[in-house]
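Note sheet for the following structure.
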Amino acid sequence: MNKYVERLYNGIVKENPSLVLMLGMCPTLAVTTSAVNGIGMGLSTLAVLIFSNLIISLMRKIIPDQVRLPAYIVIVASLVTVVDLLLQAYAPGLYSALGIYIPLIVVNCIILGRAEAYANKVGPGLAFFDGLGMGLGFTIALTLIGMIRELLGAGSLFGRQILPDSVPPIAIFVKAPGAFLVIALIIAVMNAFHIANHSADLVSGCDGCCNHCSKAGCHNEYKEEKRV
């Protein structure tokens with residue numbers, strides 16, 4: 001598989017931030033009361049992910065190791081400010097719906113995690129596609145969760161009524177517990193179709209602590225991953 005396509009596949013399927021790695025759960029649970037909110041939050045994070053990865057990759061040889069993380073936060077915060085102002089100017093309704101969760105993108109573990117684990121170790125091309133893949137994976141997950149919650153909880157999709165009036169909505173799905181129920185349902189379906197995630201890669205008897213693992217093959221694979 002082409003390494004750029006692999007980056008896309010990795011972010012969308014193999015290491016989907018929300019459904020496989022379980023990262024960024026705060027916005028995933030909070031803003032996905034509708035499909036539009038899910039898309040809005042996902043695309044905002046996608047834009048920040050792409051450009052932060054690209055900038056950090058381009059500056060990886062300039063930023064000293066001692067101030068690496070503060071530099072990443074400054075870069076991400078600047079990009080989030082741009083996204084925040086653009087939403088406020090051109091999509092005020094979505095801006096009001098997402099509220100505090102747009103500024104909180106600054107501390108989203110997906111963005112800082114990709115910057116530290118990948119973008120500062122590779123060239124701008126791979127960093128760009130890594131951000132694109134992870135951002136698309138996050139957007140798809142939030143949109144899917146938002147669609148299910150909106151359909152079951154309000155009987156509509158993207159603001160348009162779908163279910164007839166004779167079918168009462170299940171209000172719990174647009175409340176906080178509904179987010180947990182929908183995520184659990186999606187993961188159950190993924191498990192039923194044997195969609196691999198990180199836990200599926202653990203060998204029998206492995207406790208997940210690779211630094212003390214006695215299984216040489218498993219430990220070597222882990223070291224290769226960390227090297228990438």
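Ligands are numbered from 1 in the order shown, residues from 1 within each chain, and chains are lettered A, B, ... in the order they appear in the structure tokens.
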>> Can you tell me which residues surround Leu132 in chain A at a distance of at most 7 Å, considering only C-alpha atoms, apart from same-chain residues fewer than 6 positions away, and format the answer as an MDAnalysis selection string?
In response: chainID A and resid 8 46 50
File of the preceding selection, C-alpha atoms, as a PDB file, in the first residue's frame:
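The file below, out-v9.pdb, is the result:
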```pdb
ATOM      1  CA  LEU A   8      -5.391   7.905   5.328  1.00  0.00           C
ATOM      2  CA  LEU A  46      -9.644  18.386  10.770  1.00  0.00           C
ATOM      3  CA  ILE A  50      -3.825  19.219   8.954  1.00  0.00           C
TER       4      ILE A  50
END
```
message = If DSSP is run on the backbone, what residues of chain A are strand (DSSP E or B)? A reply as a ChimeraX atom specification would be ideal.
response = /A:156-157,160-161
Selected residues written out with N, CA, C and O atoms, as a PDB file, in the first residue's frame:
```pdb
ATOM      1  N   SER A 156     -35.078  13.159  13.387  1.00  0.00           N
ATOM      2  CA  SER A 156     -34.680  13.955  12.229  1.00  0.00           C
ATOM      3  C   SER A 156     -33.236  13.653  11.851  1.00  0.00           C
ATOM      4  O   SER A 156     -32.493  13.020  12.609  1.00  0.00           O
ATOM      5  N   LEU A 157     -32.851  14.108  10.659  1.00  0.00           N
ATOM      6  CA  LEU A 157     -31.467  14.018  10.194  1.00  0.00           C
ATOM      7  C   LEU A 157     -31.101  15.331   9.527  1.00  0.00           C
ATOM      8  O   LEU A 157     -31.817  15.781   8.626  1.00  0.00           O
ATOM      9  N   ARG A 160     -33.903  17.818   9.233  1.00  0.00           N
ATOM     10  CA  ARG A 160     -35.124  17.477   8.482  1.00  0.00           C
ATOM     11  C   ARG A 160     -35.818  16.291   9.137  1.00  0.00           C
ATOM     12  O   ARG A 160     -35.178  15.280   9.442  1.00  0.00           O
ATOM     13  N   GLN A 161     -37.117  16.405   9.344  1.00  0.00           N
ATOM     14  CA  GLN A 161     -37.869  15.348  10.007  1.00  0.00           C
ATOM     15  C   GLN A 161     -37.900  14.094   9.141  1.00  0.00           C
ATOM     16  O   GLN A 161     -38.245  14.134   7.959  1.00  0.00           O
TER      17      GLN A 161
END
```
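With only C-alpha atoms as the atoms that count, the minimum distance from Val106 in chain A to the choices A:Ile148, A:Val167, A:Val13, A:Val83 is reached by A:Val83.
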> Got a sec to tell me which of range 95-124 of chain A DSSP assigns to alpha helix (DSSP H), as a list in words?
Replying inline: Tyr95, Ser96, Ala97, Leu98, Cys109, Ile110, Ile111, Leu112, Gly113, Arg114, Ala115, Glu116, Ala117 and Pro124 of chain A
Do you know which residues are at most 9 Å from range 31-43 of chain A counting only C-alpha atoms, after dropping those on the same chain fewer than 4 positions away, and could you put them as a ChimeraX atom specification? /A:26-27,47-48,94-95,97-98,101-102,135-151,153-154,156-159,173-176,178-179
How would the residues just picked look written out with C-alpha atoms as a PDB file, in the first residue's frame?
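Result file selection.pdb:
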```pdb
ATOM      1  CA  CYS A  26     -15.021  15.107  25.538  1.00  0.00           C
ATOM      2  CA  PRO A  27     -16.226  16.721  22.255  1.00  0.00           C
ATOM      3  CA  ALA A  47      -8.461  21.844   9.684  1.00  0.00           C
ATOM      4  CA  VAL A  48      -6.405  22.314  12.848  1.00  0.00           C
ATOM      5  CA  LEU A  94     -22.896  26.401  14.543  1.00  0.00           C
ATOM      6  CA  TYR A  95     -20.511  28.549  16.576  1.00  0.00           C
ATOM      7  CA  ALA A  97     -24.013  25.268  19.250  1.00  0.00           C
ATOM      8  CA  LEU A  98     -20.381  24.147  19.643  1.00  0.00           C
ATOM      9  CA  TYR A 101     -15.605  23.071  22.614  1.00  0.00           C
ATOM     10  CA  ILE A 102     -14.030  25.029  19.733  1.00  0.00           C
ATOM     11  CA  GLY A 135      -9.138  14.363  10.922  1.00  0.00           C
ATOM     12  CA  LEU A 136     -11.369  12.467   8.496  1.00  0.00           C
ATOM     13  CA  GLY A 137     -11.604   9.555  10.927  1.00  0.00           C
ATOM     14  CA  PHE A 138     -12.630  11.919  13.715  1.00  0.00           C
ATOM     15  CA  THR A 139     -15.145  13.719  11.470  1.00  0.00           C
ATOM     16  CA  ILE A 140     -16.711  10.470  10.228  1.00  0.00           C
ATOM     17  CA  ALA A 141     -17.026   9.144  13.785  1.00  0.00           C
ATOM     18  CA  LEU A 142     -18.636  12.344  15.109  1.00  0.00           C
ATOM     19  CA  THR A 143     -20.996  12.590  12.148  1.00  0.00           C
ATOM     20  CA  LEU A 144     -22.076   8.958  12.493  1.00  0.00           C
ATOM     21  CA  ILE A 145     -22.677   9.322  16.224  1.00  0.00           C
ATOM     22  CA  GLY A 146     -24.546  12.597  15.666  1.00  0.00           C
ATOM     23  CA  MET A 147     -26.745  11.064  12.953  1.00  0.00           C
ATOM     24  CA  ILE A 148     -27.747   8.117  15.140  1.00  0.00           C
ATOM     25  CA  ARG A 149     -28.426  10.296  18.177  1.00  0.00           C
ATOM     26  CA  GLU A 150     -30.422  12.857  16.184  1.00  0.00           C
ATOM     27  CA  LEU A 151     -32.474  10.197  14.400  1.00  0.00           C
ATOM     28  CA  GLY A 153     -33.590  11.216  19.873  1.00  0.00           C
ATOM     29  CA  ALA A 154     -35.371  13.750  17.657  1.00  0.00           C
ATOM     30  CA  SER A 156     -34.680  13.955  12.229  1.00  0.00           C
ATOM     31  CA  LEU A 157     -31.467  14.018  10.194  1.00  0.00           C
ATOM     32  CA  PHE A 158     -29.570  17.217   9.439  1.00  0.00           C
ATOM     33  CA  GLY A 159     -32.566  19.140  10.769  1.00  0.00           C
ATOM     34  CA  PHE A 173     -30.348   9.739  22.939  1.00  0.00           C
ATOM     35  CA  VAL A 174     -29.971  13.531  22.793  1.00  0.00           C
ATOM     36  CA  LYS A 175     -28.850  13.594  26.409  1.00  0.00           C
ATOM     37  CA  ALA A 176     -25.462  12.652  27.851  1.00  0.00           C
ATOM     38  CA  GLY A 178     -27.291   8.601  24.838  1.00  0.00           C
ATOM     39  CA  ALA A 179     -23.774   9.334  23.642  1.00  0.00           C
TER      40      ALA A 179
END
```
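The closest residue to Leu19 in chain A, picked from A:Ala115, A:Leu185, A:Val80, A:Ala192 and counting only C-alpha atoms, is A:Leu185.
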For the contact check between range 80-198 of chain A and range 54-65 of chain A, emit one row per residue of range 80-198 of chain A within 6 Å, containing the shortest atom pair and the distance in Å rounded to one decimal, counting only C-alpha atoms, chain then rising number order, as CSV.
```
residue,atom,partner,partner_atom,distance
A:Ala119,CA,A:Ser57,CA,5.1
A:Asn120,CA,A:Ser57,CA,5.0
A:Gly123,CA,A:Ser57,CA,5.9
A:Pro124,CA,A:Ser57,CA,5.3
A:Ala127,CA,A:Leu54,CA,5.8
A:Phe128,CA,A:Leu54,CA,5.4
```
I need the residues from that last selection saved to file as a short mmCIF file (atom, residue, chain, number, x, y, z; two decimals), in the first residue's frame (with all heavy atoms), if you can.
```cif
data_model
loop_
_atom_site.label_atom_id
_atom_site.label_comp_id
_atom_site.auth_asym_id
_atom_site.auth_seq_id
_atom_site.Cartn_x
_atom_site.Cartn_y
_atom_site.Cartn_z
N ALA A 119 4.21 13.89 13.53
CA ALA A 119 4.50 15.04 12.66
C ALA A 119 5.92 15.56 12.83
O ALA A 119 6.53 16.03 11.86
CB ALA A 119 3.49 16.16 12.92
N ASN A 120 6.46 15.51 14.04
CA ASN A 120 7.81 16.05 14.25
C ASN A 120 8.91 15.06 13.89
O ASN A 120 10.08 15.32 14.12
CB ASN A 120 7.98 16.50 15.71
CG ASN A 120 8.11 15.33 16.67
OD1 ASN A 120 7.58 14.25 16.42
ND2 ASN A 120 8.82 15.54 17.77
N GLY A 123 8.51 14.03 7.09
CA GLY A 123 8.42 15.16 6.20
C GLY A 123 7.00 15.72 6.11
O GLY A 123 6.04 15.09 6.57
N PRO A 124 6.85 16.90 5.50
CA PRO A 124 5.53 17.55 5.45
C PRO A 124 4.47 16.76 4.68
O PRO A 124 3.29 16.85 5.00
CB PRO A 124 5.82 18.90 4.77
CG PRO A 124 7.16 18.74 4.12
CD PRO A 124 7.90 17.74 4.93
N ALA A 127 3.17 14.05 7.01
CA ALA A 127 2.51 14.73 8.13
C ALA A 127 1.14 15.26 7.70
O ALA A 127 0.16 15.16 8.44
CB ALA A 127 3.37 15.86 8.65
N PHE A 128 1.08 15.82 6.48
CA PHE A 128 -0.19 16.32 5.95
C PHE A 128 -1.21 15.20 5.83
O PHE A 128 -2.36 15.34 6.28
CB PHE A 128 0.05 16.97 4.59
CG PHE A 128 -1.21 17.43 3.90
CD1 PHE A 128 -1.73 18.68 4.14
CD2 PHE A 128 -1.89 16.59 3.02
CE1 PHE A 128 -2.90 19.12 3.51
CE2 PHE A 128 -3.05 17.00 2.39
CZ PHE A 128 -3.56 18.27 2.63
#
```
